[in-house]
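*Asks:* Before I ask anything, here is the structure I am working with.
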Amino acid sequence: MRILLVEDDVLLGDGVLAGLRRDDNAVDWVKNGETALSAVAETVYDCVILDIGLPKMSGLDVLQGMRQANIHTPVLILTARDDISDRVQGLDAGADDYLVKPFEFAELCARLRALTRRTRGESSESIQYKNIKINTAAHTVTHNDEAVALSRREFALLIELITNQGRVLSRHTLEQKLYSWGDENE
């Protein structure tokens with residue numbers, strides 16, 4: 001999964017970035033609203049994790065800018081603001097989910113998986129194509145009921161190809177899904 005993390009707190013951002021990468025995600029991290037808006041305009045993400053209290057431009061302004069530009073990438077707001085009115089405002093501004101800090105990392109990952117499942121129009125963690133079964137939560141693949149070992153990028157590529165059956169995907173599109181900023185393209 002290709003994720004944009006928008007968080008200005010360095011300690012929290014480092015932790016979330018490390019955890020998401022450990023779970024085999026391609027993650028780009030920006031620390032202010034203006035850079036976030038530029039990033040979503042230039043790169044296709046599976047999901048955006050967005051803090052509200054950001055320098056240069058608030059997270060809600062970033063979200064409104066995304067929606068006005070017809071960028072429909074799922075957005076999970078991750079913030080310390082826990083009032084019901086804040087949650088309602090964030091969801092009404094176009095967020096797909098809202099998680100309050102402090103949070104459990106396992107819950108963040110489960111919410112991200114749920115958002116991307118809904119985007120693909122699926123309701124479970126399992127994807128099946130003929131005799132290939134993929135569990136997106138466990139990052140496992142079986143072919144004819146035998147386990148297949150795949151690298152993170154191979155796993156992501158397989159999901160992209162299976163979930164986009166019948167569509168031509170350009171090399172650029174696939175690279176966008178497989179590589180974070182600064183990753184070496186192979």
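Numbering starts fresh at 1 for the residues of each chain in the structure tokens, the chains themselves are lettered A, B, ... in the order given, and ligands are numbered from 1 as they appear.
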If you count only C-alpha atoms, which residues fall within 7 Å of Asp97 of chain A, apart from same-chain ones fewer than 5 positions away, as JSON, numbers by chain?

*Replies:* {"A": [75, 76, 77, 91]}

*Asks:* Env of Thr142 of chain A: 6 Å cut, atoms = only C-alpha atoms, seq-sep filter 2 positions within chain, self excluded. Answer as an MDAnalysis selection string.

*Replies:* chainID A and resid 132:133 145:148

*Asks:* Could you check how far atom CA of Pro55 of chain A sits from atom CA of Pro102 of chain A, in Å to one decimal?

*Replies:*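 Taking atom CA of Pro55 of chain A and atom CA of Pro102 of chain A, their separation equals 20.3 Å.
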
*Asks:* If you measure from atom CA of Arg117 of chain A to atom CA of Arg152 of chain A, what distance in Å do you get, rounded to one decimal?

*Replies:*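 Between atom CA of Arg117 of chain A and atom CA of Arg152 of chain A the gap is 18.2 Å.
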
*Asks:* Nearest to Leu12 of chain A among A:Tyr45, A:Ala39, A:Ala80, A:His72, with distances taken over only C-alpha atoms: which residue is it?

*Replies:*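 Among the listed residues, the smallest separation from Leu12 of chain A belongs to A:Ala80.
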
*Asks:* Using only C-alpha atoms for the distances, tell me which of A:Glu154, A:Asp28, A:Asp61, A:Asp46 is nearest to Arg118 of chain A.

*Replies:*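 With only C-alpha atoms as the atom set, the closest residue is A:Asp46.
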
*Asks:* Please identify all polymer residues within 9 Å of His139 of chain A, counting only C-alpha atoms, omitting same-chain residues fewer than 6 positions from it, and present them as a list in words.

*Replies:*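 Residues meeting the cut-off are Asp23, Asp24, Leu150, Arg152 and Phe155 of chain A.
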
*Asks:* For the selection you just gave me, I'd like the residues written to a file as a PDB file, in the first residue's frame, keeping all heavy atoms.

*Replies:*
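Contents of result_8.pdb, as written:
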ATOM      1  N   ASP A  23       5.417  -2.963   8.255  1.00  0.00           N
ATOM      2  CA  ASP A  23       4.262  -3.718   7.746  1.00  0.00           C
ATOM      3  C   ASP A  23       4.235  -3.744   6.219  1.00  0.00           C
ATOM      4  O   ASP A  23       3.194  -3.987   5.624  1.00  0.00           O
ATOM      5  CB  ASP A  23       2.963  -3.112   8.275  1.00  0.00           C
ATOM      6  CG  ASP A  23       2.598  -3.616   9.651  1.00  0.00           C
ATOM      7  OD1 ASP A  23       3.316  -4.477  10.187  1.00  0.00           O
ATOM      8  OD2 ASP A  23       1.579  -3.151  10.196  1.00  0.00           O
ATOM      9  N   ASP A  24       5.376  -3.439   5.592  1.00  0.00           N
ATOM     10  CA  ASP A  24       5.550  -3.561   4.141  1.00  0.00           C
ATOM     11  C   ASP A  24       4.761  -2.546   3.324  1.00  0.00           C
ATOM     12  O   ASP A  24       4.318  -2.847   2.218  1.00  0.00           O
ATOM     13  CB  ASP A  24       5.222  -4.986   3.661  1.00  0.00           C
ATOM     14  CG  ASP A  24       6.210  -5.995   4.193  1.00  0.00           C
ATOM     15  OD1 ASP A  24       7.376  -5.618   4.405  1.00  0.00           O
ATOM     16  OD2 ASP A  24       5.816  -7.153   4.404  1.00  0.00           O
ATOM     17  N   LEU A 150       6.725 -13.858  -1.133  1.00  0.00           N
ATOM     18  CA  LEU A 150       6.899 -12.681  -1.990  1.00  0.00           C
ATOM     19  C   LEU A 150       7.520 -11.549  -1.192  1.00  0.00           C
ATOM     20  O   LEU A 150       7.228 -11.382  -0.009  1.00  0.00           O
ATOM     21  CB  LEU A 150       5.545 -12.211  -2.548  1.00  0.00           C
ATOM     22  CG  LEU A 150       4.773 -13.165  -3.450  1.00  0.00           C
ATOM     23  CD1 LEU A 150       3.434 -12.551  -3.833  1.00  0.00           C
ATOM     24  CD2 LEU A 150       5.572 -13.485  -4.701  1.00  0.00           C
ATOM     25  N   ARG A 152       7.940  -7.430  -0.368  1.00  0.00           N
ATOM     26  CA  ARG A 152       6.929  -6.392  -0.211  1.00  0.00           C
ATOM     27  C   ARG A 152       6.476  -5.863  -1.559  1.00  0.00           C
ATOM     28  O   ARG A 152       5.297  -5.707  -1.829  1.00  0.00           O
ATOM     29  CB  ARG A 152       7.465  -5.232   0.635  1.00  0.00           C
ATOM     30  CG  ARG A 152       6.459  -4.077   0.738  1.00  0.00           C
ATOM     31  CD  ARG A 152       7.059  -2.836   1.356  1.00  0.00           C
ATOM     32  NE  ARG A 152       8.051  -2.174   0.571  1.00  0.00           N
ATOM     33  CZ  ARG A 152       7.801  -1.362  -0.462  1.00  0.00           C
ATOM     34  NH1 ARG A 152       6.580  -1.158  -0.866  1.00  0.00           N
ATOM     35  NH2 ARG A 152       8.784  -0.774  -1.109  1.00  0.00           N
ATOM     36  N   PHE A 155       4.468  -8.450  -3.545  1.00  0.00           N
ATOM     37  CA  PHE A 155       3.130  -8.555  -2.958  1.00  0.00           C
ATOM     38  C   PHE A 155       2.252  -7.391  -3.425  1.00  0.00           C
ATOM     39  O   PHE A 155       1.121  -7.578  -3.873  1.00  0.00           O
ATOM     40  CB  PHE A 155       3.244  -8.579  -1.426  1.00  0.00           C
ATOM     41  CG  PHE A 155       1.953  -8.776  -0.706  1.00  0.00           C
ATOM     42  CD1 PHE A 155       1.425 -10.054  -0.544  1.00  0.00           C
ATOM     43  CD2 PHE A 155       1.263  -7.700  -0.165  1.00  0.00           C
ATOM     44  CE1 PHE A 155       0.228 -10.253   0.132  1.00  0.00           C
ATOM     45  CE2 PHE A 155       0.068  -7.885   0.509  1.00  0.00           C
ATOM     46  CZ  PHE A 155      -0.449  -9.162   0.650  1.00  0.00           C
TER      47      PHE A 155
END

*Asks:* What's the 9 Å shell around Tyr179 of chain A, counting only C-alpha atoms, without same-chain residues fewer than 6 positions away, as a list in words?

*Replies:*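 Once the nearby chain positions are removed, what remains is Arg2, Ala26, Val27, Arg153 and Asn185 of chain A.
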
*Asks:* Find, counting only C-alpha atoms, the residue in A:Cys47, A:Asn70, A:Leu78, A:Gln128 that gets nearest to Glu107 of chain A.

*Replies:* A:Leu78

*Asks:* From the set A:Leu17, A:Ile71, A:Ala156, A:Ala138, which residue has the shortest atom-to-atom contact distance to Ser38 of chain A, counting only C-alpha atoms?

*Replies:*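 The answer is A:Ile71, which sits nearest to Ser38 of chain A.
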
*Asks:* Interatomic distance between atom CA of Leu115 of chain A and atom CA of Ser170 of chain A?

*Replies:* 24.1 Å

*Asks:* Step one, run DSSP on the backbone; step two, keep only residues of segment 10-67 of chain A assigned to strand (DSSP E or B); then write them as a list in words.

*Replies:*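 Listing strand (DSSP E or B) positions across segment 10-67 of chain A yields Ala26, Val27, Asp28, Trp29, Val30, Cys47, Val48, Ile49 and Leu50 of chain A.
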
*Asks:* List every residue of chain A that DSSP, applied to the backbone, labels as alpha helix (DSSP H), and write the result as a PyMOL selection string.

*Replies:* chain A and resi 10-22+33-42+59-68+84-92+105-120+152-163+171-178

*Asks:* Which one is closest to Gln176 of chain A: A:Glu7, A:Asp83, A:Glu42, A:Glu34? Count only C-alpha atoms.

*Replies:* A:Glu42
